[in-house]
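Let me begin by presenting the structure, written as structure tokens, before commenting on it.
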Amino acid sequence: MQLLKRAFWSPYAVGAAIGVLSWFAFLTAKRPLGISSAFVRLVAWLEGLAAPAHVAATPYLAKMQPVFDWEFFLVIGVALGALAAARLGGMRSGEKPSGRRIAEALLGGFFLMIGARIANGCTSGNGISGSLQLALSGWVFFLTIFASGVATALLFKKEVR
Amino acid sequence: MFEPAPRLLLGLLTGFLFGFFLQKGRVSDRRVIVGQFLLRDFTVMKVMMTAILVGGIGVYAMLAAGWVQLAVKPAHLLSIFVGALIFGPAMVFLGYCPGTAVAAAGEGKRDAWWGLLGMTLGAAVYAEFDAACTRTLRAPVDLGPVTLPQLTGVPAAVWFAALVLFAWFFFRWLDRRAES
């Protein structure tokens with residue numbers, strides 16, 4: 001219990017725990033950890049309510065059946081788990097973002113997902129799950145986001161506001 | 001519409017632990033993520049490399065025992081490269097990746113809520129262009145679901161040994177430098 005209340009854990013302990021969690025995912029769900037395709041499932045569901053004919057005519061959305069799958073619930077779990085960890089550690093966050101920050105987050109999120117879907121996976125599906133399987137796709141993704149991210153940060157992001 | 005309930009509960013439990021670990025590892029804090037890209041704070045790299053090594057060694061051991069099968073994504077090198085070139089800079093501006101954005105949003109970080117909205121819109125726009133993307137970016141360079149051991153003939157054990165050695169010395173050097 002003391003451990004759960006500690007604000008933060010060693011990054012090596014956290015990495016090892018995520019590694020063991022990926023064994024669990026392979027053993028029980030027969031799937032690696034991943035996040036970004038759940039957003040496509042969410043879109044397939046929302047557009048299905050508003051325009052079912054369009055979803056049926058778009059193979060990429062139509063194939064996302066069943067919409068609510070293991071990974072969709074995994075994403076819900078991530079939000080709940082992070083909330084529990086933050087509260088147990090005594091962290092609260094509710095500060096209002098500035099208009100500039102809202103625009104940055106909205107646009108950043110938009111292009112983040114475009115990039116993730118073009119690459120067929122994000123930092124979890126490609127970066128961790130792909131790399132741990134020694135997949136060529138995972139390592140190319142991991143090294144490219146690192147290099148392009150470092151270049152971007154050094155050029156445009158001297159301070160975190 | 002729904003996968004069987006036990007499988008959904010399993011996903012929820014796996015995700016709960018994943019989110020719990022991400023928050024405890026400080027990677028749902030965008031200062032930590034941007035700090036990594038500024039090469040000032042190596043927390044993200046420590047978490048990811050340890051996860052890859054512990055996860056990979058275990059998964060390959062279970063593969064040898066016949067308990068699991070790999071799920072390797074195909075090496076469409078052009079689309080992965082282009083996607084990653086968009087993803088990396090976007091991650092710097094958002095300050096989160098998809099998983100850590102969900103974690104931060106769950107914690108109540110309001111900027112991450114806007115990030116999730118942007119991500120959902122991005123998924124909707126991408127869905128309209130998936131077929132075109134497959135034609136132009138995936139078809140040209142497709143090596144299939146290949147792993148580094150298959151590609152090079154160097155066994156997985158050697159890859160992991162080399163990566164463990166690299167990570168050990170690199171992080172020890174970083175941590176000692178931080179102490180002094």
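By convention here, the chains of the structure tokens are called A, B, ... in the order presented, each chain's residues are numbered starting at 1, and ligands are numbered starting at 1 in the order presented.
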Let's see if you can do this: from backbone DSSP, list all alpha helix (DSSP H) residues in region 49-98 of chain B, as JSON, numbers by chain. {"B": [49, 50, 51, 52, 53, 54, 55, 56, 57, 58, 59, 60, 61, 62, 63, 64, 77, 78, 79, 80, 81, 82, 83, 84, 85, 86, 87, 88, 89, 90, 91, 92, 93, 94, 98]}
Distance of CA of Phe160 (chain B) from CA of Ser22 (chain A), expressed in Å to one decimal place: 16.4 Å
Among listed residues B:Pro4, B:Gly25, B:Pro140, B:Gly99, nearest Gly125 (chain A) (using only C-alpha atoms):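 Of B:Pro4, B:Gly25, B:Pro140, B:Gly99, the one nearest Gly125 (chain A) is B:Gly99, counting only C-alpha atoms.
By chain and then residue number, the residues within 12 Å of region 166-169 of chain B are Tyr12 of chain A; Phe42, Met45, Lys46, Val47, Met48, Met49, Thr50, Ala51, Ile52, Leu53, Val54, Trp159, Phe160, Ala161, Ala162, Leu163, Arg172, Trp173, Leu174, Asp175 and Arg176 of chain B, counting only C-alpha atoms and disregarding those fewer than 3 positions away in sequence.
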Neighbours of Pro74 (chain B) within 7 Å (only C-alpha atoms; same-chain residues fewer than 2 positions away dropped), as a PyMOL selection string? (chain A and resi 137) or (chain B and resi 72+76+143-146)
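Distances here use only C-alpha atoms; by that measure, the residue among A:Met1, A:Met91, A:Ala62, A:Ala16 closest to chain B is A:Ala16.
Here the question is which of B:Leu63, B:Val27, B:Ala5, B:Ala178 gets nearest to Ala101 (chain B) using only C-alpha atoms, and that residue is B:Val27.
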Would you please work out which residue, of A:Arg117, A:Ala135, A:Pro97, A:Ala85, is nearest to Tyr60 (chain A) when using only C-alpha atoms?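 Between A:Arg117, A:Ala135, A:Pro97, A:Ala85, the residue approaching Tyr60 (chain A) most closely is A:Arg117.
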So the first atom is CA of Leu94 (chain B) and the second is CA of Gly109 (chain A); what is the distance between them in Å, to one decimal place? 6.0 Å
Can you pull out every residue within 9 Å of region 44-52 of chain A, counting only C-alpha atoms, but drop anything in the same chain fewer than 6 positions away, and send it as a list in words? Tyr60, Leu61, Ala62, Met64, Gln65, Val67 and Phe68 of chain A; Met1, Ala124 and Ala127 of chain B
Fewer than 6 positions away in the same chain doesn't count, so skip those; otherwise give me all residues within 9 Å of Arg92 (chain A), counting only C-alpha atoms, as a PyMOL selection string. (chain A and resi 86) or (chain B and resi 107-109)
For the residues selected in the previous step, produce a file with N, CA and C atoms as a tab-separated table (two decimals), in the first residue's frame.
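Generated file (again.tsv):
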chain	number	residue	atom	x	y	z
A	86	ALA	N	-2.75	8.43	-9.92
A	86	ALA	CA	-2.53	9.84	-9.58
A	86	ALA	C	-3.17	10.16	-8.23
B	107	GLU	N	-6.34	11.23	-15.73
B	107	GLU	CA	-5.91	11.92	-14.51
B	107	GLU	C	-6.59	13.26	-14.33
B	108	GLY	N	-7.15	13.80	-15.41
B	108	GLY	CA	-7.82	15.10	-15.33
B	108	GLY	C	-7.02	16.22	-15.96
B	109	LYS	N	-5.98	15.91	-16.71
B	109	LYS	CA	-5.24	16.98	-17.38
B	109	LYS	C	-6.04	17.45	-18.59
Could you work out how far CA of Gln23 (chain B) lies from CA of Trp70 (chain A), giving the answer in Å with one decimal?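 A separation of 21.2 Å between them.
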Could you list, as a ChimeraX atom specification, every residue within 9 Å of region 112-120 of chain B, counting only C-alpha atoms and ignoring same-chain residues fewer than 3 positions away? /A:36,39-40,42-43,102-114 /B:94-96,98,100-106,108-109,123-125
